[in-house]
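Shown next, in structure tokens, is the structure this report addresses.
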Amino acid sequence: MANDDRKPPTPPPPARVPRPAPPPVAARPAAPPPKVPAPASPPPVAKPPAAKAPAVPPPVARPPAAPPPVATQAAASQPVLDDEHIEELRPSVASLDELLSRAVGAPAEPEPEAETYDAHEAETFDESGEHEAVHAAYDDEEEEAPPPPPNPELERMLQLAALDGGKSIEGDPVLAEIRKKTSPATKVGLAIVAAALLVVGGFAAYTQKRAADDQKLFDEIAHMTDRDAQLRALTDALGQISNEDLRVRILRNLGHYRYAPAVPAIIEQLDSRGVVRRHAAAALARIGSPAADAAKGKLLEVLDDTDVRDRAQVVWTLAVLRESRASDAILEAFRTGLISKIEDYDPRAVAETLGTARLTSDEILMHEDDSVRVLTAHALAESSDTAVVDPLVRMLEAEIGREDDQRNAEVLRSAAAALGRLGGDQAAMALFRALESGAGKRRDTLDALSQAVAGPALAKLLMMARTPRDRLDLARVVAETHDPRVGDALAAQLDSDDEELRKVAAYGLADIGDPRGQDYLLEVAAGDDHGDARRALAALRLTANADATQRLIKLMTARPGRKADVMGALGNTGDPAAAKVLVAELEGDDSQVAALALANLNDGPTFQKLLKLAPRPAGLDLGAVSFNDRSSKNDGIIRLRRGVIRALGHYGRPEAIPVLVKIVEDGQDDYELRASAAEAVGKLANAEQMRNILAKLGSREVTRAAKGYYIQALWQRPQPELHDVLLNMVGSDEPSELRRAAAIAVGYSADARNDARLITLLEQERSAQQAALAISLGGGEEATAKLIAKMIADADIREVVREAYLNADIRWFDALTREMFDDGSVYRRLRTAAQLRDAGEGFGFAWKKVIDLLKRKGDGPNAVHPLYVREQLWQALNGDDEELRFLVATALYDMKERGLLLRARDEGGPGGETARAVLEAATRLGS
């Protein structure tokens, strides 16, 4: 032809065509270069039945696309062709569909050869509009035919071929029919397609088998029961498994269990970019130094080859391993906030790796970006180096000096908290200036002062305060220290014109047993505010002496509505002159309070009077077994005798036991009074007297009802001499209530010599609940470990113990006496409670109960008050027993007695070191 003097353009090589594979229909050809005459209409080509072939050559097919990642679950040997399988193979099928459509429905035909081929030009040429012009020249004679309709059978065949490597299409009748209708050229195309199918199908089969093998190996390891063997197997599998998801799961397990032997295998995974490298670095960080130190070199090597997704974790792992060579990267990641979002981020790692010098430069401390200052304050707050105190002071003062809209509250809080933990006079003055300036949240600054500064230094600040608000707030902080050394500073506030400040000072003096606030407290007690008066009278119960007796007696007449509170204060004056007034009140509505006040006075003549009032009046039947059985006409006598019987127990005089025993065994007496009498017997009886009680419990001498009341006596006072008898009772056939009481009595002694018997009883179904209660009160380390395992495995045992501690109506574990401090049983109970708490199974209820008891205000000469408790704990904190020092320091912290810990910290010695360690640990935990 006239216009055929040039060779047709040669199609470009497939590898150079970057455009994605088109759908399986004929497409328009790439246009020739500009200014080339349009070729004549191409010769007719074969068309599939019922459709016209498009008058354009098809695009060059790309190589078949790689299949997607294979699922981690192993495929079945004969896969079911469902939607899920089809979707998994869709990329491969699309490529095959494209090949076959070109071979069957649109055979290739030559097109003019271009002088050059440019992939970019081919991509952009269509958009110029010239492609459409050339295409129009091809379509002069005939309109473009529509694409051939889809062939479901053909698609099914291709999908099956991709699944089984092409085997399923051999001998397929549909394919045979297609072959009959095709030309030799088409048959060649089909041969190519078949070969492609075999390649793609074979690759799919290979990847499926590899995925199945990986999953099978992982599943076998997952079903192993030996943890060490399982971790070894996971380590070995890490280098064998190709599936990325499974490798990540292995890395997470090795990191979770901090399996140090896996470090070499984990290091190898750092060569894999992305999610695998990220999890490998995370696992190394969890394993930590020194076990993972061997990874430092590889981490530094891959650091420059990481993107933003895995760089943070690699940098953080280097910080955890304290790799100073990465300090620039760590500082940059710290400055930009890149590593602060890591799950296990700990500012201490940054502070220790970078060192104080780099973190405390003015460039960082005074950075204009407040987020950098916040991170710096957090990091410095975690440093245990006292060298950061001066930089923190500079940081705090610089923040205070900023304009209000530029000042960051979190920087102030963190810097204050850090100074609060490190303490010292320098920190105290910086925080004091922050308080005076009004910068930041006032509560945060006051909290930091209470955390940082011990009593004497706080007292100095109180004396320096210039505004009423600062003096009042500082006085509260000083009073809360319960430090005897602050007495003078508090006493100085009693002359203030600020009534609220005077009250705070007086109450603070009372809490440390200092009587200098007594006169002011008496004024408040006589005032018009009933709430303040009651609080003042409660404070007087701690410090009132004989000098207050007459003013208190007058107050009973002047303020009859406060009579009960006044009598409580009178009972603590120690003045025999108060006894006459209190005896007169035994006939009044507050007879019980009067009786207990007399017991606190320990007045001898009054004791004899109470002994006569205790028994049931002759001829009066009070035999009620419940509240509803009582007659209202007996309310007065029951109220009087209730107070008298309780008072006899508080007196601490064993000569009251015969009278009390008679009440317990009197079948015509009231149920509540009989129980109170039995409780009083338990407080007063010595070991020999308790043997007599136990003998009664095992005989027919007393009624079953009396035995039930005597149970209350068993746990009121530890009796080590009776342990064998009590343990025998726990394992006996006696009623469960009696066995439980015997077990609790054993538990209060917290004697390790009982552990073997208690462990045996714990393993026996009949006595397991009783033994559990005994061990929870004071079992040794082995017995408590057995109890923890038992409570985890047995829901019934767990609930019995939990209910005994958490039910406010159950008073089995409420005893706390001076004898328990003298014999050390209270400290053994603390050890047991701490072991239960540390089990991590929600067993902290025992610890909470002991802490509540140590804070509770008790009545009677044998009871204890927090003032006494603090004195005893202070002695233990400064004793020779290191384990006990730590235990007591932790208890003081949970009692919110931080002031005593700060006092110990400042005074030094073994107790000071322990106190410092507990305070630092609490700060790190954010407590």
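Here, A, B, ... name the chains of the structure tokens in the order displayed, residue numbers run from 1 inside each chain, and ligands are numbered from 1 in the same displayed order.
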
* Extract the full set of alpha helix (DSSP H) residues from stretch 199-286 of chain A according to DSSP on the backbone, and format it as a PyMOL selection string. => chain A and resi 199-222+227-238+244-256+263-269+275-286

What's the 9 Å shell around stretch 594-598 of chain A, counting only C-alpha atoms, without same-chain residues fewer than 4 positions away, as a CSV table (one decimal) with C-alpha atoms, in the first residue's frame?
```csv
chain,number,residue,atom,x,y,z
A,564,ALA,CA,-21.1,12.0,125.4
A,567,MET,CA,-17.3,12.2,128.9
A,568,GLY,CA,-14.9,10.6,126.4
A,569,ALA,CA,-12.4,13.4,127.0
A,570,LEU,CA,-12.9,13.2,130.8
A,571,GLY,CA,-12.0,9.5,130.7
A,572,ASN,CA,-8.6,10.4,129.2
A,578,ALA,CA,-13.7,12.9,137.0
A,579,ALA,CA,-14.9,9.4,138.2
A,582,LEU,CA,-19.0,9.8,135.4
A,583,VAL,CA,-20.5,7.3,137.9
A,584,ALA,CA,-23.5,9.6,138.2
A,585,GLU,CA,-24.0,9.4,134.4
A,586,LEU,CA,-24.3,5.5,134.5
A,588,GLY,CA,-28.5,8.3,132.1
A,590,ASP,CA,-25.2,7.8,127.8
A,602,ASN,CA,-9.0,2.7,135.5
A,603,ASP,CA,-10.6,3.9,138.8
A,606,THR,CA,-15.6,2.4,140.3
A,607,PHE,CA,-14.5,-1.1,139.1
A,610,LEU,CA,-19.4,-2.0,137.9
A,640,LEU,CA,-26.6,0.1,131.2
A,643,GLY,CA,-21.8,-0.5,128.8
A,644,VAL,CA,-20.8,-2.1,132.1
A,645,ILE,CA,-19.9,-5.5,130.6
A,646,ARG,CA,-17.8,-3.8,127.8
A,647,ALA,CA,-16.1,-1.6,130.4
A,648,LEU,CA,-15.1,-4.6,132.5
A,650,HIS,CA,-11.5,-2.7,128.9
A,651,TYR,CA,-10.4,-2.5,132.5
A,859,ASP,CA,-10.9,2.5,123.1
A,860,GLY,CA,-9.8,1.1,126.4
```

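For the choices A:Leu392, A:Val801, A:Ala675, A:Val478, the atom-to-atom distance to A:Ala457 is smallest for A:Val478 when using only C-alpha atoms.
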
* Find the distance between atom CA of A:Arg798 and atom CA of A:Phe843 and write it in Å to one decimal. =>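 Between these atoms lies a distance of 9.1 Å.
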
With 10 Å as the cut-off and only C-alpha atoms counted, what is the closest atom pair between each nearby residue of stretch 351-408 of chain A and stretch 332-336 of chain A? Distances in Å to one decimal, ordered by chain and number, as CSV.
```
residue,atom,partner,partner_atom,distance
A:Ile364,CA,A:Arg335,CA,8.6
A:His367,CA,A:Arg335,CA,9.9
A:Asp369,CA,A:Arg335,CA,9.4
A:Ser371,CA,A:Arg335,CA,8.3
A:Val372,CA,A:Arg335,CA,5.7
A:Arg373,CA,A:Arg335,CA,9.0
A:Leu375,CA,A:Phe334,CA,7.5
A:Thr376,CA,A:Arg335,CA,8.6
A:Ala379,CA,A:Phe334,CA,9.8
```

* To do: Find the residues near stretch 812-820 of chain A: any atom within 9 Å, counting only C-alpha atoms, skip ones fewer than 4 places away on the same chain, and give them as number ranges by chain.
  => A: 712, 715-718, 741, 744, 748-749, 777, 804-805, 824-827, 849-850, 853-854, 858, 862-864, 868-869

Those same residues - N, CA and C atoms - I'd like them written as a short mmCIF file (atom, residue, chain, number, x, y, z; two decimals), in the first residue's frame.
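Result went into selection30.cif, see below:
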```cif
data_model
loop_
_atom_site.label_atom_id
_atom_site.label_comp_id
_atom_site.auth_asym_id
_atom_site.auth_seq_id
_atom_site.Cartn_x
_atom_site.Cartn_y
_atom_site.Cartn_z
N GLN A 712 -16.82 -16.39 120.81
CA GLN A 712 -16.32 -15.01 120.68
C GLN A 712 -15.05 -14.78 121.49
N TRP A 715 -10.65 -15.66 119.92
CA TRP A 715 -9.67 -14.90 119.13
C TRP A 715 -9.39 -13.50 119.67
N GLN A 716 -9.89 -13.15 120.84
CA GLN A 716 -9.70 -11.80 121.35
C GLN A 716 -8.27 -11.51 121.79
N ARG A 717 -7.56 -12.58 122.13
CA ARG A 717 -6.21 -12.39 122.65
C ARG A 717 -5.37 -13.61 122.28
N PRO A 718 -4.24 -13.45 121.61
CA PRO A 718 -3.43 -14.60 121.22
C PRO A 718 -2.97 -15.40 122.45
N ALA A 741 -13.51 -20.40 114.85
CA ALA A 741 -13.01 -19.53 115.92
C ALA A 741 -11.65 -20.00 116.40
N ILE A 744 -9.05 -18.94 113.80
CA ILE A 744 -8.74 -17.51 113.85
C ILE A 744 -7.85 -17.21 115.06
N TYR A 748 -4.13 -15.36 114.74
CA TYR A 748 -3.70 -14.10 115.36
C TYR A 748 -2.30 -14.21 115.95
N SER A 749 -1.91 -15.39 116.37
CA SER A 749 -0.57 -15.54 116.94
C SER A 749 0.50 -15.45 115.87
N LEU A 777 -4.22 -14.76 108.27
CA LEU A 777 -3.92 -13.85 109.37
C LEU A 777 -2.44 -13.79 109.71
N ALA A 804 -14.73 -12.67 104.51
CA ALA A 804 -14.34 -12.43 105.90
C ALA A 804 -13.62 -11.10 106.08
N TYR A 805 -12.90 -10.67 105.05
CA TYR A 805 -12.16 -9.42 105.13
C TYR A 805 -12.99 -8.21 104.70
N GLY A 824 5.24 -9.03 118.47
CA GLY A 824 5.60 -9.00 117.06
C GLY A 824 4.60 -9.64 116.12
N SER A 825 3.47 -10.13 116.64
CA SER A 825 2.52 -10.81 115.76
C SER A 825 1.92 -9.86 114.73
N VAL A 826 1.80 -8.57 115.06
CA VAL A 826 1.25 -7.63 114.09
C VAL A 826 2.17 -7.48 112.87
N TYR A 827 3.48 -7.61 113.08
CA TYR A 827 4.41 -7.49 111.96
C TYR A 827 4.39 -8.77 111.11
N LYS A 849 -6.96 -4.39 105.14
CA LYS A 849 -7.54 -4.53 106.47
C LYS A 849 -6.53 -4.15 107.55
N VAL A 850 -5.30 -4.61 107.42
CA VAL A 850 -4.30 -4.28 108.44
C VAL A 850 -4.00 -2.78 108.44
N LEU A 853 -6.72 -0.99 110.23
CA LEU A 853 -6.63 -1.18 111.69
C LEU A 853 -5.54 -0.31 112.30
N LEU A 854 -4.43 -0.17 111.60
CA LEU A 854 -3.34 0.65 112.13
C LEU A 854 -3.71 2.12 112.18
N GLY A 858 -8.77 3.38 118.72
CA GLY A 858 -9.36 2.37 119.59
C GLY A 858 -9.75 2.93 120.94
N ASN A 862 -6.36 -1.51 126.75
CA ASN A 862 -5.69 -2.54 125.97
C ASN A 862 -5.74 -2.25 124.48
N ALA A 863 -6.50 -1.22 124.09
CA ALA A 863 -6.61 -0.87 122.67
C ALA A 863 -5.48 0.08 122.30
N VAL A 864 -5.41 0.41 121.02
CA VAL A 864 -4.33 1.26 120.55
C VAL A 864 -4.90 2.43 119.77
N TYR A 868 -0.05 5.90 119.20
CA TYR A 868 0.75 4.79 119.71
C TYR A 868 1.30 3.95 118.56
N VAL A 869 0.46 3.70 117.56
CA VAL A 869 0.87 2.88 116.41
C VAL A 869 2.06 3.54 115.71
#
```

* To do: Grab the atom CA of A:Gly779 to atom CA of A:Ala750 distance for me, in Å with one decimal place.
  =>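 A separation of 6.0 Å between them.
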
* To do: May I have the residues within 6 Å of A:Ile759 as a list in words, using only C-alpha atoms and disregarding those fewer than 3 positions away in the same chain?
  =>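 Counting only the stated atoms, we get Ala756, Leu762 and Ala783 of chain A.
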
* Neighbour list for A:Lys633 as a ChimeraX atom specification, cut-off 12 Å, only C-alpha atoms, skip fewer than 4 positions in-chain -> /A:620-622,637-639

Using 8 Å as the limit and counting only C-alpha atoms, can you tabulate each residue of stretch 848-907 of chain A that touches stretch 482-497 of chain A, with its shortest atom-to-atom distance in Å and the two atoms involved, as CSV?
```
residue,atom,partner,partner_atom,distance
A:Glu897,CA,A:His482,CA,7.5
A:Gly899,CA,A:His482,CA,6.4
A:Leu900,CA,A:Asp483,CA,6.3
A:Arg903,CA,A:Asp483,CA,7.4
```

Keeping all heavy atoms for every residue in the selection just given, could you write it to a file as an mmCIF file, in the first residue's frame?
```cif
data_model
loop_
_atom_site.group_PDB
_atom_site.id
_atom_site.type_symbol
_atom_site.label_atom_id
_atom_site.label_comp_id
_atom_site.auth_asym_id
_atom_site.auth_seq_id
_atom_site.Cartn_x
_atom_site.Cartn_y
_atom_site.Cartn_z
ATOM 1 N N GLU A 897 1.440 8.279 105.984
ATOM 2 C CA GLU A 897 2.349 8.853 106.981
ATOM 3 C C GLU A 897 3.680 9.190 106.316
ATOM 4 O O GLU A 897 4.754 8.800 106.754
ATOM 5 C CB GLU A 897 2.549 7.875 108.131
ATOM 6 C CG GLU A 897 1.309 7.589 108.944
ATOM 7 C CD GLU A 897 0.823 8.805 109.724
ATOM 8 O OE1 GLU A 897 1.597 9.789 109.844
ATOM 9 O OE2 GLU A 897 -0.307 8.782 110.228
ATOM 10 N N GLY A 899 5.188 11.946 106.190
ATOM 11 C CA GLY A 899 6.040 12.804 107.007
ATOM 12 C C GLY A 899 7.051 12.015 107.815
ATOM 13 O O GLY A 899 8.199 12.451 107.988
ATOM 14 N N LEU A 900 6.650 10.847 108.326
ATOM 15 C CA LEU A 900 7.584 10.032 109.104
ATOM 16 C C LEU A 900 8.665 9.430 108.208
ATOM 17 O O LEU A 900 9.810 9.275 108.634
ATOM 18 C CB LEU A 900 6.821 8.931 109.835
ATOM 19 C CG LEU A 900 5.849 9.411 110.921
ATOM 20 C CD1 LEU A 900 5.170 8.227 111.594
ATOM 21 C CD2 LEU A 900 6.573 10.276 111.956
ATOM 22 N N ARG A 903 11.074 12.161 107.543
ATOM 23 C CA ARG A 903 11.887 12.359 108.753
ATOM 24 C C ARG A 903 13.002 11.320 108.802
ATOM 25 O O ARG A 903 14.174 11.648 109.056
ATOM 26 C CB ARG A 903 11.003 12.239 109.995
ATOM 27 C CG ARG A 903 11.776 12.286 111.313
ATOM 28 C CD ARG A 903 10.856 12.002 112.481
ATOM 29 N NE ARG A 903 11.590 11.889 113.744
ATOM 30 C CZ ARG A 903 11.050 11.476 114.896
ATOM 31 N NH1 ARG A 903 9.761 11.156 114.932
ATOM 32 N NH2 ARG A 903 11.785 11.400 115.981
#
```

* Asked: So how many Å separate atom CA of A:Val725 and atom CA of A:Ala745, to one decimal?
  -> 11.0 Å

Taking 5 positions as the minimum chain separation for residues in the same chain, which residues sit within 7 Å of stretch 912-917 of chain A when counting only C-alpha atoms? Answer as an mmCIF file with N, CA and C atoms, in the first residue's frame.
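So the final result, stored in result.cif, reads:
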```
data_model
loop_
_atom_site.group_PDB
_atom_site.id
_atom_site.type_symbol
_atom_site.label_atom_id
_atom_site.label_comp_id
_atom_site.auth_asym_id
_atom_site.auth_seq_id
_atom_site.Cartn_x
_atom_site.Cartn_y
_atom_site.Cartn_z
ATOM 1 N N ARG A 885 12.036 -3.457 108.213
ATOM 2 C CA ARG A 885 12.116 -2.023 107.906
ATOM 3 C C ARG A 885 11.376 -1.709 106.605
ATOM 4 N N PHE A 886 11.618 -2.522 105.593
ATOM 5 C CA PHE A 886 10.954 -2.277 104.315
ATOM 6 C C PHE A 886 9.445 -2.473 104.445
ATOM 7 N N ALA A 889 8.035 0.533 106.322
ATOM 8 C CA ALA A 889 8.079 1.738 105.486
ATOM 9 C C ALA A 889 6.942 1.719 104.469
ATOM 10 N N LEU A 901 8.299 9.103 106.972
ATOM 11 C CA LEU A 901 9.301 8.584 106.044
ATOM 12 C C LEU A 901 10.308 9.675 105.681
ATOM 13 N N ALA A 904 12.659 10.060 108.529
ATOM 14 C CA ALA A 904 13.679 9.008 108.523
ATOM 15 C C ALA A 904 14.702 9.249 107.428
ATOM 16 N N ARG A 905 14.216 9.687 106.247
ATOM 17 C CA ARG A 905 15.140 9.962 105.144
ATOM 18 C C ARG A 905 16.155 11.022 105.533
ATOM 19 N N ASP A 906 15.699 12.076 106.194
ATOM 20 C CA ASP A 906 16.586 13.168 106.561
ATOM 21 C C ASP A 906 17.543 12.790 107.687
ATOM 22 N N GLU A 907 17.069 11.935 108.596
ATOM 23 C CA GLU A 907 17.910 11.582 109.741
ATOM 24 C C GLU A 907 18.927 10.508 109.401
#
```

* **A:Thr481 surroundings by only C-alpha atoms, 12 Å radius, close-in-sequence under 6 positions cut, as a VMD selection string** => chain A and resid 449 to 459 474 to 475 487 490 508 to 509 511 to 512 870 892 to 893 895 to 904

Selected residues written out with N, CA, C and O atoms, as a tab-separated table (two decimals), in the first residue's frame:
```
chain	number	residue	atom	x	y	z
A	449	LEU	N	5.50	19.88	97.97
A	449	LEU	CA	6.12	20.22	99.26
A	449	LEU	C	5.92	19.10	100.28
A	449	LEU	O	6.85	18.71	100.99
A	450	SER	N	4.71	18.55	100.32
A	450	SER	CA	4.45	17.48	101.29
A	450	SER	C	5.23	16.22	100.94
A	450	SER	O	5.61	15.45	101.82
A	451	GLN	N	5.50	16.01	99.65
A	451	GLN	CA	6.25	14.84	99.22
A	451	GLN	C	7.75	15.04	99.39
A	451	GLN	O	8.48	14.08	99.59
A	452	ALA	N	8.19	16.29	99.31
A	452	ALA	CA	9.63	16.54	99.22
A	452	ALA	C	10.27	16.90	100.55
A	452	ALA	O	11.41	16.56	100.80
A	453	VAL	N	9.55	17.60	101.37
A	453	VAL	CA	10.20	18.32	102.46
A	453	VAL	C	9.73	17.77	103.80
A	453	VAL	O	8.53	17.60	104.04
A	454	ALA	N	10.67	17.47	104.66
A	454	ALA	CA	10.36	16.94	105.99
A	454	ALA	C	9.89	18.04	106.91
A	454	ALA	O	9.98	19.24	106.61
A	455	GLY	N	9.38	17.63	108.07
A	455	GLY	CA	8.75	18.54	109.01
A	455	GLY	C	9.50	19.80	109.35
A	455	GLY	O	8.97	20.91	109.20
A	456	PRO	N	10.75	19.70	109.82
A	456	PRO	CA	11.47	20.93	110.24
A	456	PRO	C	11.61	21.95	109.11
A	456	PRO	O	11.44	23.15	109.34
A	457	ALA	N	11.92	21.51	107.90
A	457	ALA	CA	12.05	22.45	106.79
A	457	ALA	C	10.71	23.08	106.44
A	457	ALA	O	10.62	24.28	106.14
A	458	LEU	N	9.66	22.31	106.51
A	458	LEU	CA	8.32	22.87	106.28
A	458	LEU	C	7.97	23.88	107.37
A	458	LEU	O	7.33	24.90	107.10
A	459	ALA	N	8.37	23.58	108.58
A	459	ALA	CA	8.09	24.50	109.68
A	459	ALA	C	8.77	25.85	109.44
A	459	ALA	O	8.20	26.91	109.73
A	474	LEU	N	0.24	26.07	104.40
A	474	LEU	CA	1.48	25.46	104.89
A	474	LEU	C	1.28	24.83	106.27
A	474	LEU	O	1.87	23.79	106.58
A	475	ALA	N	0.42	25.43	107.09
A	475	ALA	CA	0.15	24.86	108.40
A	475	ALA	C	-0.50	23.48	108.26
A	475	ALA	O	-0.21	22.55	109.02
A	487	GLY	N	6.37	20.85	116.53
A	487	GLY	CA	5.52	21.38	117.60
A	487	GLY	C	5.65	22.87	117.82
A	487	GLY	O	4.65	23.58	117.96
A	490	LEU	N	3.88	24.94	115.08
A	490	LEU	CA	2.43	24.89	115.20
A	490	LEU	C	1.96	25.69	116.42
A	490	LEU	O	0.96	26.43	116.35
A	508	GLY	N	-3.22	19.77	114.98
A	508	GLY	CA	-1.93	19.18	114.66
A	508	GLY	C	-1.11	18.87	115.89
A	508	GLY	O	-0.44	17.82	115.96
A	509	LEU	N	-1.16	19.74	116.89
A	509	LEU	CA	-0.46	19.48	118.15
A	509	LEU	C	-1.03	18.26	118.86
A	509	LEU	O	-0.29	17.43	119.41
A	511	ASP	N	-2.44	15.68	117.51
A	511	ASP	CA	-2.08	14.46	116.79
A	511	ASP	C	-0.68	13.97	117.13
A	511	ASP	O	-0.39	12.78	116.96
A	512	ILE	N	0.19	14.85	117.58
A	512	ILE	CA	1.53	14.40	117.98
A	512	ILE	C	1.64	14.31	119.51
A	512	ILE	O	2.74	14.17	120.04
A	870	ARG	N	1.98	4.86	115.49
A	870	ARG	CA	3.08	5.55	114.82
A	870	ARG	C	4.38	5.43	115.61
A	870	ARG	O	5.46	5.27	115.03
A	892	LEU	N	3.71	2.49	106.32
A	892	LEU	CA	3.61	3.91	106.63
A	892	LEU	C	3.20	4.72	105.40
A	892	LEU	O	2.40	5.66	105.50
A	893	TYR	N	3.75	4.35	104.25
A	893	TYR	CA	3.38	5.07	103.04
A	893	TYR	C	1.90	4.88	102.74
A	893	TYR	O	1.19	5.84	102.41
A	895	MET	N	-0.39	4.21	104.83
A	895	MET	CA	-1.16	4.89	105.88
A	895	MET	C	-1.15	6.41	105.67
A	895	MET	O	-1.74	7.13	106.47
A	896	LYS	N	-0.45	6.86	104.61
A	896	LYS	CA	-0.30	8.28	104.31
A	896	LYS	C	0.52	9.00	105.39
A	896	LYS	O	0.31	10.18	105.67
A	897	GLU	N	1.44	8.28	105.98
A	897	GLU	CA	2.35	8.85	106.98
A	897	GLU	C	3.68	9.19	106.32
A	897	GLU	O	4.75	8.80	106.75
A	898	ARG	N	3.60	9.95	105.22
A	898	ARG	CA	4.79	10.31	104.46
A	898	ARG	C	5.75	11.15	105.29
A	898	ARG	O	6.97	11.09	105.11
A	899	GLY	N	5.19	11.95	106.19
A	899	GLY	CA	6.04	12.80	107.01
A	899	GLY	C	7.05	12.01	107.82
A	899	GLY	O	8.20	12.45	107.99
A	900	LEU	N	6.65	10.85	108.33
A	900	LEU	CA	7.58	10.03	109.10
A	900	LEU	C	8.67	9.43	108.21
A	900	LEU	O	9.81	9.27	108.63
A	901	LEU	N	8.30	9.10	106.97
A	901	LEU	CA	9.30	8.58	106.04
A	901	LEU	C	10.31	9.67	105.68
A	901	LEU	O	11.51	9.41	105.58
A	902	LEU	N	9.81	10.88	105.47
A	902	LEU	CA	10.72	11.99	105.17
A	902	LEU	C	11.62	12.29	106.37
A	902	LEU	O	12.81	12.62	106.21
A	903	ARG	N	11.07	12.16	107.54
A	903	ARG	CA	11.89	12.36	108.75
A	903	ARG	C	13.00	11.32	108.80
A	903	ARG	O	14.17	11.65	109.06
A	904	ALA	N	12.66	10.06	108.53
A	904	ALA	CA	13.68	9.01	108.52
A	904	ALA	C	14.70	9.25	107.43
A	904	ALA	O	15.90	9.05	107.63
```

* Asked: Restricting the calculation to only C-alpha atoms, which member of A:Asn634, A:Ser414, A:Asn686, A:Gln313 is positioned closest to A:Ala281?
  ->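 The closest residue to A:Ala281 is A:Gln313.
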
* Find the residue from A:Asp794, A:Asp519, A:Glu665, A:Glu688 that sits nearest to A:Tyr709; use only C-alpha atoms when measuring. =>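 With only C-alpha atoms as the atom set, the closest residue is A:Glu665.
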
* Which residue gives the smallest distance to A:Gly708 among A:Thr832, A:Gln689, A:Ser736, A:Gln208, with only C-alpha atoms counted? -> A:Ser736

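Shortest atom-to-atom contact with A:Arg348 among A:Ile693, A:Leu521, A:Leu380, A:Val374: A:Leu380, counting only C-alpha atoms.
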
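Compared by their closest atoms to A:Tyr259, and using only C-alpha atoms, the residues A:Gln230, A:Asn545, A:Gln835, A:Asn754 rank with A:Gln230 nearest.
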